[in-house]
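Visitor: Just one file: coords_4.tsv, with TSV, C-alpha atoms.
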```
chain	number	residue	atom	x	y	z
A	1	MET	CA	-8.90	25.95	-2.83
A	2	PRO	CA	-8.96	24.07	-6.13
A	3	LEU	CA	-5.73	22.45	-7.21
A	4	ASP	CA	-3.81	23.89	-10.13
A	5	GLN	CA	-5.06	21.90	-13.13
A	6	SER	CA	-1.95	22.76	-15.11
A	7	PHE	CA	-0.14	20.03	-13.11
A	8	LEU	CA	-2.18	17.37	-14.93
A	9	GLY	CA	0.06	15.15	-17.08
A	10	ARG	CA	3.23	16.65	-15.68
A	11	THR	CA	6.13	14.19	-15.40
A	12	TYR	CA	8.92	14.74	-12.90
A	13	PRO	CA	12.61	13.87	-13.27
A	14	LEU	CA	13.73	10.45	-12.09
A	15	THR	CA	14.54	10.31	-8.39
A	16	GLU	CA	18.02	9.57	-7.10
A	17	PRO	CA	18.84	5.83	-7.07
A	18	TYR	CA	17.45	3.88	-4.12
A	19	GLN	CA	19.53	0.87	-3.13
A	20	VAL	CA	17.35	-1.96	-1.83
A	21	SER	CA	19.15	-3.82	0.95
A	22	ARG	CA	18.34	-7.06	2.71
A	23	GLU	CA	18.31	-5.22	6.02
A	24	LYS	CA	15.79	-2.65	4.83
A	25	ILE	CA	13.51	-5.40	3.53
A	26	ARG	CA	13.77	-7.24	6.84
A	27	GLU	CA	13.05	-4.03	8.76
A	28	PHE	CA	9.95	-3.37	6.65
A	29	ALA	CA	8.72	-6.98	6.97
A	30	ASP	CA	9.18	-6.76	10.75
A	31	ALA	CA	7.21	-3.51	10.84
A	32	ILE	CA	4.22	-5.04	9.06
A	33	GLY	CA	4.51	-8.14	11.26
A	34	ASP	CA	5.11	-10.53	8.36
A	35	PRO	CA	7.43	-13.44	9.20
A	36	HIS	CA	7.64	-14.88	5.64
A	37	PRO	CA	11.15	-16.36	5.12
A	38	ALA	CA	11.38	-15.04	1.54
A	39	TYR	CA	11.79	-11.55	3.08
A	40	ARG	CA	14.72	-12.63	5.24
A	41	ASP	CA	16.47	-15.75	4.02
A	42	GLN	CA	18.19	-15.80	0.65
A	43	ALA	CA	17.96	-19.60	0.42
A	44	ALA	CA	14.21	-19.48	1.09
A	45	ALA	CA	13.76	-16.84	-1.60
A	46	GLN	CA	15.87	-18.84	-4.04
A	47	ALA	CA	13.76	-21.93	-3.37
A	48	LEU	CA	10.84	-19.88	-4.73
A	49	GLY	CA	12.86	-18.94	-7.80
A	50	HIS	CA	14.05	-15.48	-6.78
A	51	PRO	CA	17.74	-14.53	-7.01
A	52	ASP	CA	17.78	-12.86	-3.59
A	53	VAL	CA	15.37	-11.97	-0.77
A	54	ILE	CA	12.27	-10.23	-2.08
A	55	ALA	CA	10.35	-7.32	-0.59
A	56	PRO	CA	6.73	-7.50	0.60
A	57	PRO	CA	4.28	-6.26	-2.06
A	58	THR	CA	3.65	-2.89	-0.44
A	59	PHE	CA	7.36	-2.10	0.03
A	60	ALA	CA	7.17	-0.16	-3.24
A	61	ILE	CA	5.44	2.64	-1.32
A	62	VAL	CA	8.74	3.52	0.39
A	63	MET	CA	10.05	4.77	-2.94
A	64	SER	CA	6.86	5.90	-4.63
A	65	MET	CA	5.57	8.01	-1.75
A	66	ARG	CA	8.86	9.82	-1.35
A	67	ALA	CA	8.92	10.48	-5.09
A	68	SER	CA	5.35	11.80	-5.08
A	69	HIS	CA	6.35	14.48	-2.59
A	70	GLN	CA	7.86	16.31	-5.54
A	71	VAL	CA	4.28	16.93	-6.63
A	72	VAL	CA	2.30	16.86	-3.40
A	73	ARG	CA	4.50	19.33	-1.56
A	74	ASP	CA	4.95	21.73	-4.47
A	75	PRO	CA	3.42	24.93	-3.09
A	76	GLU	CA	2.24	25.91	-6.56
A	77	LEU	CA	-0.08	22.88	-6.66
A	78	GLY	CA	-2.08	24.38	-3.80
A	79	LEU	CA	-2.57	21.22	-1.75
A	80	ASP	CA	-3.10	21.67	1.98
A	81	TYR	CA	-0.86	18.85	3.16
A	82	SER	CA	-2.19	19.02	6.74
A	83	LYS	CA	-5.59	17.87	5.42
A	84	VAL	CA	-4.27	15.02	3.27
A	85	VAL	CA	-5.23	11.40	3.75
A	86	HIS	CA	-4.56	8.38	1.56
A	87	GLY	CA	-7.60	7.57	-0.55
A	88	GLU	CA	-6.61	4.74	-2.82
A	89	GLN	CA	-3.52	2.72	-3.71
A	90	GLN	CA	-2.73	0.27	-6.48
A	91	PHE	CA	0.41	-1.60	-7.42
A	92	HIS	CA	1.12	-3.44	-10.67
A	93	TYR	CA	4.14	-5.71	-10.51
A	94	GLN	CA	6.37	-6.85	-13.35
A	95	ARG	CA	8.33	-8.75	-10.72
A	96	PRO	CA	8.90	-8.39	-6.97
A	97	ILE	CA	11.40	-5.81	-5.75
A	98	ARG	CA	14.44	-7.63	-4.40
A	99	ALA	CA	17.64	-7.02	-2.48
A	100	GLY	CA	20.32	-5.59	-4.72
A	101	ASP	CA	17.91	-3.59	-6.85
A	102	VAL	CA	18.91	0.00	-7.55
A	103	LEU	CA	15.66	1.76	-8.30
A	104	ARG	CA	14.52	5.16	-9.44
A	105	VAL	CA	11.00	6.54	-9.69
A	106	ARG	CA	9.41	8.56	-12.45
A	107	THR	CA	6.33	10.36	-11.16
A	108	THR	CA	3.49	11.57	-13.37
A	109	VAL	CA	0.36	13.46	-12.35
A	110	GLU	CA	-2.44	11.17	-13.55
A	111	SER	CA	-5.54	13.03	-12.43
A	112	ILE	CA	-6.73	16.03	-10.46
A	113	ARG	CA	-10.38	16.06	-9.39
A	114	ALA	CA	-12.67	17.77	-6.91
A	115	VAL	CA	-15.37	15.49	-5.46
A	116	ALA	CA	-17.82	16.47	-2.73
A	117	GLY	CA	-15.64	19.30	-1.50
A	118	ASN	CA	-12.48	17.19	-1.46
A	119	ASP	CA	-9.49	17.56	-3.73
A	120	LEU	CA	-8.29	14.24	-5.17
A	121	LEU	CA	-4.85	13.88	-6.71
A	122	THR	CA	-3.65	10.68	-8.40
A	123	THR	CA	0.03	10.19	-9.10
A	124	LYS	CA	1.68	7.37	-11.00
A	125	GLY	CA	5.12	6.24	-9.87
A	126	GLU	CA	7.01	4.04	-12.30
A	127	ILE	CA	9.74	2.23	-10.41
A	128	LEU	CA	12.62	1.44	-12.76
A	129	THR	CA	16.01	-0.23	-12.57
A	130	ALA	CA	19.19	1.47	-13.69
A	131	GLU	CA	18.68	-0.36	-17.01
A	132	ASP	CA	15.19	1.20	-17.34
A	133	GLU	CA	13.45	-2.10	-16.61
A	134	LEU	CA	10.00	-1.38	-15.21
A	135	VAL	CA	9.58	-3.26	-11.90
A	136	VAL	CA	6.47	-1.79	-10.29
A	137	THR	CA	3.88	0.83	-11.19
A	138	ALA	CA	2.32	2.51	-8.16
A	139	LEU	CA	-0.89	4.54	-8.48
A	140	SER	CA	-1.63	6.65	-5.43
A	141	THR	CA	-4.68	8.80	-4.82
A	142	ILE	CA	-4.56	11.26	-1.97
A	143	VAL	CA	-7.49	13.24	-0.68
A	144	ALA	CA	-7.35	16.71	0.81
A	145	ARG	CA	-10.43	16.79	3.00
A	146	GLY	CA	-12.52	19.83	2.24
A	147	THR	CA	-13.85	22.06	4.93
A	148	ALA	CA	-17.35	21.17	3.74
A	149	ARG	CA	-16.98	17.69	5.23
A	150	SER	CA	-17.39	17.48	8.98
A	151	ALA	CA	-16.58	13.77	9.46
A	152	PRO	CA	-12.99	13.12	8.48
A	153	ALA	CA	-12.06	9.76	7.09
A	154	GLU	CA	-8.90	8.15	5.87
A	155	GLY	CA	-10.25	7.79	2.42
A	156	GLY	CA	-12.18	9.38	-0.28
A	157	PRO	CA	-15.84	9.55	-1.01
A	158	GLU	CA	-17.53	6.37	-2.10
B	1	MET	CA	6.41	-22.29	-5.78
B	2	THR	CA	3.10	-20.54	-5.91
B	3	ARG	CA	-0.22	-22.36	-5.52
B	4	PRO	CA	-1.11	-24.81	-8.33
B	5	VAL	CA	-3.97	-23.69	-10.56
B	6	ALA	CA	-5.65	-27.09	-10.17
B	7	GLU	CA	-6.22	-26.32	-6.48
B	8	VAL	CA	-8.01	-23.04	-7.13
B	9	THR	CA	-11.67	-22.56	-8.06
B	10	ALA	CA	-13.82	-19.47	-8.35
B	11	GLY	CA	-15.79	-18.78	-5.20
B	12	MET	CA	-13.46	-20.63	-2.85
B	13	PRO	CA	-12.55	-18.78	0.33
B	14	ILE	CA	-8.96	-18.21	1.34
B	15	PRO	CA	-8.11	-18.53	5.05
B	16	ALA	CA	-9.02	-15.49	7.12
B	17	GLN	CA	-6.54	-13.91	9.52
B	18	SER	CA	-6.57	-11.22	12.20
B	19	PHE	CA	-3.79	-8.77	12.90
B	20	PRO	CA	-3.34	-6.64	16.03
B	21	ILE	CA	-2.40	-2.98	15.59
B	22	GLU	CA	-1.17	-1.03	18.57
B	23	ARG	CA	0.59	2.30	19.03
B	24	ALA	CA	4.02	0.66	18.94
B	25	THR	CA	3.09	-0.95	15.60
B	26	LEU	CA	2.48	2.51	14.15
B	27	ILE	CA	5.79	3.87	15.43
B	28	GLN	CA	7.65	0.88	14.00
B	29	TYR	CA	5.86	1.24	10.65
B	30	ALA	CA	6.57	4.98	10.56
B	31	GLY	CA	10.27	4.27	10.96
B	32	ALA	CA	10.42	1.45	8.44
B	33	SER	CA	8.34	3.21	5.78
B	34	GLY	CA	9.54	6.76	6.27
B	35	ASP	CA	5.96	8.02	6.70
B	36	PHE	CA	6.22	10.22	9.79
B	37	ASN	CA	2.89	12.03	9.39
B	38	PRO	CA	2.08	12.93	13.03
B	39	ILE	CA	-1.57	11.86	12.73
B	40	HIS	CA	-0.12	8.34	13.10
B	41	TRP	CA	1.65	8.98	16.41
B	42	SER	CA	0.52	12.27	17.98
B	43	GLU	CA	-2.87	12.43	19.68
B	44	GLN	CA	-2.69	16.22	19.75
B	45	THR	CA	-2.11	16.44	16.02
B	46	ALA	CA	-4.75	13.83	15.21
B	47	ARG	CA	-7.37	15.67	17.29
B	48	ALA	CA	-6.34	19.03	15.91
B	49	VAL	CA	-7.27	17.84	12.41
B	50	GLY	CA	-10.60	16.44	13.60
B	51	LEU	CA	-9.75	12.77	14.11
B	52	PRO	CA	-10.94	11.03	17.29
B	53	ASP	CA	-7.42	9.75	18.04
B	54	VAL	CA	-4.26	8.53	16.34
B	55	ILE	CA	-4.99	6.49	13.20
B	56	ALA	CA	-3.03	3.70	11.53
B	57	HIS	CA	-1.22	4.33	8.26
B	58	GLY	CA	-3.48	3.22	5.44
B	59	MET	CA	-0.43	1.53	3.94
B	60	LEU	CA	0.07	-0.54	7.11
B	61	THR	CA	-3.51	-1.78	6.85
B	62	MET	CA	-2.94	-2.53	3.18
B	63	ALA	CA	0.29	-4.41	3.96
B	64	MET	CA	-1.39	-6.54	6.62
B	65	ALA	CA	-4.43	-7.31	4.47
B	66	VAL	CA	-2.40	-8.84	1.65
B	67	ARG	CA	-0.95	-11.35	4.10
B	68	VAL	CA	-4.00	-13.56	3.55
B	69	VAL	CA	-3.02	-13.65	-0.13
B	70	THR	CA	0.72	-14.16	0.22
B	71	ASP	CA	0.39	-16.78	2.98
B	72	TRP	CA	-2.16	-18.68	0.87
B	73	LEU	CA	0.00	-18.45	-2.26
B	74	GLY	CA	3.25	-19.46	-0.60
B	75	ASP	CA	5.29	-17.17	-2.87
B	76	PRO	CA	4.73	-13.46	-2.15
B	77	GLY	CA	6.49	-12.73	-5.44
B	78	ALA	CA	3.51	-14.22	-7.30
B	79	VAL	CA	1.32	-11.17	-6.64
B	80	LEU	CA	0.78	-9.46	-10.01
B	81	SER	CA	-1.31	-6.54	-8.83
B	82	TYR	CA	-2.89	-5.32	-5.63
B	83	GLY	CA	-5.13	-2.37	-4.95
B	84	VAL	CA	-7.34	-0.99	-2.20
B	85	ARG	CA	-9.50	1.99	-1.40
B	86	PHE	CA	-9.22	3.37	2.13
B	87	THR	CA	-12.75	3.96	3.38
B	88	ARG	CA	-12.50	4.46	7.13
B	89	PRO	CA	-9.63	5.31	9.47
B	90	VAL	CA	-8.34	2.62	11.81
B	91	VAL	CA	-8.28	4.44	15.13
B	92	VAL	CA	-5.64	3.15	17.55
B	93	GLU	CA	-6.19	4.20	21.14
B	94	HIS	CA	-3.43	4.28	23.73
B	95	GLY	CA	-3.09	0.91	25.41
B	96	ILE	CA	-5.93	-0.71	23.46
B	97	PRO	CA	-4.83	-2.73	20.40
B	98	SER	CA	-7.16	-2.61	17.42
B	99	GLN	CA	-7.71	-5.81	15.50
B	100	LEU	CA	-7.78	-5.95	11.72
B	101	ASP	CA	-9.88	-8.88	10.45
B	102	VAL	CA	-9.15	-9.92	6.88
B	103	SER	CA	-10.81	-12.55	4.72
B	104	GLY	CA	-10.75	-13.30	1.03
B	105	THR	CA	-12.43	-15.13	-1.81
B	106	VAL	CA	-11.29	-16.26	-5.23
B	107	ARG	CA	-13.32	-14.18	-7.66
B	108	SER	CA	-12.14	-15.78	-10.88
B	109	VAL	CA	-9.53	-18.16	-12.25
B	110	ASP	CA	-7.94	-18.11	-15.70
B	111	PRO	CA	-6.60	-21.66	-16.19
B	112	ASP	CA	-4.85	-20.81	-19.46
B	113	ALA	CA	-3.01	-17.77	-18.14
B	114	ARG	CA	-2.60	-19.51	-14.73
B	115	THR	CA	-3.80	-16.46	-12.86
B	116	ALA	CA	-6.56	-15.75	-10.38
B	117	GLU	CA	-8.28	-12.64	-9.10
B	118	LEU	CA	-9.06	-12.37	-5.40
B	119	ASP	CA	-11.43	-10.15	-3.43
B	120	LEU	CA	-10.48	-9.18	0.11
B	121	THR	CA	-12.49	-7.72	2.94
B	122	ALA	CA	-10.87	-5.94	5.86
B	123	SER	CA	-12.67	-4.68	8.91
B	124	VAL	CA	-12.06	-3.40	12.42
B	125	ALA	CA	-14.76	-4.04	15.03
B	126	GLY	CA	-17.10	-5.08	12.24
B	127	GLN	CA	-16.63	-1.89	10.21
B	128	THR	CA	-15.11	-2.11	6.75
B	129	VAL	CA	-11.84	-0.20	6.43
B	130	LEU	CA	-10.80	-1.20	2.91
B	131	ALA	CA	-13.03	-1.30	-0.15
B	132	ARG	CA	-12.31	-2.65	-3.62
B	133	ALA	CA	-9.45	-4.64	-2.11
B	134	ARG	CA	-8.36	-6.86	-4.96
B	135	ALA	CA	-5.30	-8.81	-5.95
B	136	LYS	CA	-4.34	-10.64	-9.10
B	137	VAL	CA	-1.94	-13.54	-8.60
B	138	ARG	CA	0.12	-15.95	-10.66
B	139	LEU	CA	-0.54	-19.66	-10.14
B	140	ALA	CA	1.60	-22.64	-10.99
```
Please express the file's structure as structure tokens.

Guide:
Amino acid sequence: MPLDQSFLGRTYPLTEPYQVSREKIREFADAIGDPHPAYRDQAAAQALGHPDVIAPPTFAIVMSMRASHQVVRDPELGLDYSKVVHGEQQFHYQRPIRAGDVLRVRTTVESIRAVAGNDLLTTKGEILTAEDELVVTALSTIVARGTARSAPAEGGPE
Amino acid sequence: MTRPVAEVTAGMPIPAQSFPIERATLIQYAGASGDFNPIHWSEQTARAVGLPDVIAHGMLTMAMAVRVVTDWLGDPGAVLSYGVRFTRPVVVEHGIPSQLDVSGTVRSVDPDARTAELDLTASVAGQTVLARARAKVRLA
């Protein structure tokens, strides 16, 4: 079923504030198997010029994915979430996310396409501080695999 | 301190690394990231949607792949942008760790801006799992 094109360009309200803690950063770094001291040790992070421990580059997904559920799981969009895989992901950093940040996400529907029987949805998540400082922009494309395709893949068509 | 621009030239390789991914890795990542999609931990669900077995989170693969960049840079906070396309699922069988092999090359250097663009390749058992994997980094 084609996605509702009227969602294109829609911007959603800012999410509730997300408080970035040292422990959450450490937990995430452990989960991706990355032992870098800047994710764990304030002194190590400060030696690199950061005020507190920083988060690994992909940590932004914790906030942006949750925020994108406002769109993705809206029944009116018509996306079959059971068929969804992640197609593409980009991050643009103004600075690294760090412990002590209080962040909110503004999600916008960037594009809605149908390619080779798959529905592709791209959302933009702007991750902002309480002072409206842009920290990270996350662009996520998810693919709802069409029934026309027999070989499923985590990813979109080339 | 990030890597000095004088040490970086276009075409130079950055050190390759390999990362094991096993079922426990996926459970731990699900918990830390909040992505509890059952295709990453339930064989029944994965097979019901046509996958051969449980697959790794694309975002876990993406997180591991950028390690070659951040370890080479020294300062993970010097990554300016990073993007990938997920081309093939990383299947993780029970009891058999998969291995993600990642390598990278400096595509271009801008000495005035003190930035560089890097191309990454990521494969499992010789099959590419990420395409258009690129990072832009700040140099000293």

Visitor: Between CA of Arg114 in chain B and CA of Gln90 in chain A, measure the distance and give it in Å to one decimal.

Guide: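 Here the two named atoms are 21.4 Å from each other.
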
Visitor: To one decimal place, how far is CA of Phe36 in chain B from CA of Thr121 in chain B in Å?

Guide: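 Answer for the CA of Phe36 in chain B to CA of Thr121 in chain B separation: 26.8 Å.
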
Visitor: Got a sec to check which residues sit within 9 Å of (2.2, 2.3, 14.5), counting only C-alpha atoms, and write them as a list in words?

Guide: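 Selection result: Ala31 of chain A; Ile21, Glu22, Arg23, Ala24, Thr25, Leu26, Ile27, Gln28, Tyr29, Ala30, His40, Trp41, Ile55, Ala56, His57, Leu60 and Val92 of chain B.
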
Visitor: What's the 7 Å shell around Gly83 in chain B, counting all atoms listed in the file, without same-chain residues fewer than 5 positions away, as a VMD selection string?

Guide: (chain A and resid 89 to 91) or (chain B and resid 133 to 135)

Visitor: Kindly indicate which residue among B:Arg85, B:Arg138, B:Arg132, B:Arg107 lies nearest to Gly11 in chain B, using all atoms listed in the file for the distances.

Guide: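 Checking each of B:Arg85, B:Arg138, B:Arg132, B:Arg107 against Gly11 in chain B, counting all atoms listed in the file, the winner is B:Arg107.
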
Visitor: For chain B, which residues have at least one atom within 7 Å of chain A, if we go by only C-alpha atoms? Write them as a ChimeraX atom specification, please.

Guide: /B:1,25,28-29,32-34,50-51,58,60,63-64,75-77,80-89

Visitor: With all atoms listed in the file as the atoms that count, which of A:Ala116, A:Arg104, A:Leu3, A:Ser111 lies nearest to Glu133 in chain A?

Guide: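 Closest residue, counting all atoms listed in the file: A:Arg104.
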
Visitor: Report as a PyMOL selection string all protein, DNA and RNA residues lying within 6 Å of Ala140 in chain B, evaluated on all atoms listed in the file, omitting residues in the same chain fewer than 5 positions from it.

Guide: chain B and resi 2-5

Visitor: Write a file of the selected residues as a PDB file, in the frame of the given file, keeping C-alpha atoms.

Guide:
```pdb
ATOM      1  CA  THR B   2       3.100 -20.540  -5.910  1.00  0.00           C
ATOM      2  CA  ARG B   3      -0.220 -22.360  -5.520  1.00  0.00           C
ATOM      3  CA  PRO B   4      -1.110 -24.810  -8.330  1.00  0.00           C
ATOM      4  CA  VAL B   5      -3.970 -23.690 -10.560  1.00  0.00           C
TER       5      VAL B   5
END
```

Visitor: Would you work out the distance separating CA of Ala65 in chain B from CA of Ala6 in chain B, expressed in Å to one decimal?

Guide: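 Between CA of Ala65 in chain B and CA of Ala6 in chain B the gap is 24.6 Å.
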
Visitor: With 8 Å as the threshold, what does the neighbourhood of (-6.2, -7.8, 16.1) contain in terms of residues, counting all atoms listed in the file? Coordinates are those of the file; answer as an mmCIF file with C-alpha atoms, in the coordinates of the input.

Guide:
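Output file part.cif is given in full below:
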```cif
data_model
loop_
_atom_site.group_PDB
_atom_site.id
_atom_site.type_symbol
_atom_site.label_atom_id
_atom_site.label_comp_id
_atom_site.auth_asym_id
_atom_site.auth_seq_id
_atom_site.Cartn_x
_atom_site.Cartn_y
_atom_site.Cartn_z
ATOM 1 C CA SER B 18 -6.570 -11.220 12.200
ATOM 2 C CA PHE B 19 -3.790 -8.770 12.900
ATOM 3 C CA PRO B 20 -3.340 -6.640 16.030
ATOM 4 C CA ILE B 21 -2.400 -2.980 15.590
ATOM 5 C CA PRO B 97 -4.830 -2.730 20.400
ATOM 6 C CA SER B 98 -7.160 -2.610 17.420
ATOM 7 C CA GLN B 99 -7.710 -5.810 15.500
ATOM 8 C CA LEU B 100 -7.780 -5.950 11.720
ATOM 9 C CA ASP B 101 -9.880 -8.880 10.450
#
```

Visitor: Do you know which residues are at most 9 Å from range 117-120 of chain B counting all atoms listed in the file, after dropping those on the same chain fewer than 4 positions away, and could you put them as a PDB file with C-alpha atoms, keeping the file's coordinate frame?

Guide:
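Done, and the output landed in result_17.pdb:
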```
ATOM      1  CA  ALA B  10     -13.820 -19.470  -8.350  1.00  0.00           C
ATOM      2  CA  ILE B  14      -8.960 -18.210   1.340  1.00  0.00           C
ATOM      3  CA  ALA B  65      -4.430  -7.310   4.470  1.00  0.00           C
ATOM      4  CA  VAL B  66      -2.400  -8.840   1.650  1.00  0.00           C
ATOM      5  CA  VAL B  68      -4.000 -13.560   3.550  1.00  0.00           C
ATOM      6  CA  VAL B  69      -3.020 -13.650  -0.130  1.00  0.00           C
ATOM      7  CA  VAL B 102      -9.150  -9.920   6.880  1.00  0.00           C
ATOM      8  CA  SER B 103     -10.810 -12.550   4.720  1.00  0.00           C
ATOM      9  CA  GLY B 104     -10.750 -13.300   1.030  1.00  0.00           C
ATOM     10  CA  THR B 105     -12.430 -15.130  -1.810  1.00  0.00           C
ATOM     11  CA  VAL B 106     -11.290 -16.260  -5.230  1.00  0.00           C
ATOM     12  CA  ARG B 107     -13.320 -14.180  -7.660  1.00  0.00           C
ATOM     13  CA  SER B 108     -12.140 -15.780 -10.880  1.00  0.00           C
ATOM     14  CA  VAL B 109      -9.530 -18.160 -12.250  1.00  0.00           C
ATOM     15  CA  ASP B 110      -7.940 -18.110 -15.700  1.00  0.00           C
ATOM     16  CA  LEU B 130     -10.800  -1.200   2.910  1.00  0.00           C
ATOM     17  CA  ALA B 131     -13.030  -1.300  -0.150  1.00  0.00           C
ATOM     18  CA  ARG B 132     -12.310  -2.650  -3.620  1.00  0.00           C
ATOM     19  CA  ALA B 133      -9.450  -4.640  -2.110  1.00  0.00           C
ATOM     20  CA  ARG B 134      -8.360  -6.860  -4.960  1.00  0.00           C
ATOM     21  CA  ALA B 135      -5.300  -8.810  -5.950  1.00  0.00           C
ATOM     22  CA  LYS B 136      -4.340 -10.640  -9.100  1.00  0.00           C
ATOM     23  CA  VAL B 137      -1.940 -13.540  -8.600  1.00  0.00           C
TER      24      VAL B 137
END
```

Visitor: Fewer than 5 positions away in the same chain doesn't count, so skip those; otherwise give me all residues within 12 Å of range 67-70 of chain A, counting only C-alpha atoms, as a VMD selection string.

Guide: (chain A and resid 7 10 to 18 60 to 62 75 to 77 79 81 103 to 110 121 to 127 138 to 142) or (chain B and resid 34 to 35)

Visitor: Selected residues, C-alpha atoms, written as a PDB file, keeping the file's coordinate frame, please.

Guide:
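Result written to again_20.pdb:
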```pdb
ATOM      1  CA  PHE A   7      -0.140  20.030 -13.110  1.00  0.00           C
ATOM      2  CA  ARG A  10       3.230  16.650 -15.680  1.00  0.00           C
ATOM      3  CA  THR A  11       6.130  14.190 -15.400  1.00  0.00           C
ATOM      4  CA  TYR A  12       8.920  14.740 -12.900  1.00  0.00           C
ATOM      5  CA  PRO A  13      12.610  13.870 -13.270  1.00  0.00           C
ATOM      6  CA  LEU A  14      13.730  10.450 -12.090  1.00  0.00           C
ATOM      7  CA  THR A  15      14.540  10.310  -8.390  1.00  0.00           C
ATOM      8  CA  GLU A  16      18.020   9.570  -7.100  1.00  0.00           C
ATOM      9  CA  PRO A  17      18.840   5.830  -7.070  1.00  0.00           C
ATOM     10  CA  TYR A  18      17.450   3.880  -4.120  1.00  0.00           C
ATOM     11  CA  ALA A  60       7.170  -0.160  -3.240  1.00  0.00           C
ATOM     12  CA  ILE A  61       5.440   2.640  -1.320  1.00  0.00           C
ATOM     13  CA  VAL A  62       8.740   3.520   0.390  1.00  0.00           C
ATOM     14  CA  PRO A  75       3.420  24.930  -3.090  1.00  0.00           C
ATOM     15  CA  GLU A  76       2.240  25.910  -6.560  1.00  0.00           C
ATOM     16  CA  LEU A  77      -0.080  22.880  -6.660  1.00  0.00           C
ATOM     17  CA  LEU A  79      -2.570  21.220  -1.750  1.00  0.00           C
ATOM     18  CA  TYR A  81      -0.860  18.850   3.160  1.00  0.00           C
ATOM     19  CA  LEU A 103      15.660   1.760  -8.300  1.00  0.00           C
ATOM     20  CA  ARG A 104      14.520   5.160  -9.440  1.00  0.00           C
ATOM     21  CA  VAL A 105      11.000   6.540  -9.690  1.00  0.00           C
ATOM     22  CA  ARG A 106       9.410   8.560 -12.450  1.00  0.00           C
ATOM     23  CA  THR A 107       6.330  10.360 -11.160  1.00  0.00           C
ATOM     24  CA  THR A 108       3.490  11.570 -13.370  1.00  0.00           C
ATOM     25  CA  VAL A 109       0.360  13.460 -12.350  1.00  0.00           C
ATOM     26  CA  GLU A 110      -2.440  11.170 -13.550  1.00  0.00           C
ATOM     27  CA  LEU A 121      -4.850  13.880  -6.710  1.00  0.00           C
ATOM     28  CA  THR A 122      -3.650  10.680  -8.400  1.00  0.00           C
ATOM     29  CA  THR A 123       0.030  10.190  -9.100  1.00  0.00           C
ATOM     30  CA  LYS A 124       1.680   7.370 -11.000  1.00  0.00           C
ATOM     31  CA  GLY A 125       5.120   6.240  -9.870  1.00  0.00           C
ATOM     32  CA  GLU A 126       7.010   4.040 -12.300  1.00  0.00           C
ATOM     33  CA  ILE A 127       9.740   2.230 -10.410  1.00  0.00           C
ATOM     34  CA  ALA A 138       2.320   2.510  -8.160  1.00  0.00           C
ATOM     35  CA  LEU A 139      -0.890   4.540  -8.480  1.00  0.00           C
ATOM     36  CA  SER A 140      -1.630   6.650  -5.430  1.00  0.00           C
ATOM     37  CA  THR A 141      -4.680   8.800  -4.820  1.00  0.00           C
ATOM     38  CA  ILE A 142      -4.560  11.260  -1.970  1.00  0.00           C
TER      39      ILE A 142
ATOM     40  CA  GLY B  34       9.540   6.760   6.270  1.00  0.00           C
ATOM     41  CA  ASP B  35       5.960   8.020   6.700  1.00  0.00           C
TER      42      ASP B  35
END
```

Visitor: Measuring between all atoms listed in the file, which one of B:Glu7, B:Pro52, B:Thr45, B:Glu93 shows the shortest distance to Leu139 in chain B?

Guide: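 Nearest to Leu139 in chain B: B:Glu7.
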
Visitor: Taking every listed atom of range 111-123 of chain B and adding 4 Å to each side, what centre and edge lengths in Å (one decimal) does the axis-aligned box have, as AutoDock Vina command-line options?

Guide:
```
--center_x -7.6 --center_y -13.2 --center_z -5.3 --size_x 18.1 --size_y 25.0 --size_z 36.4
```
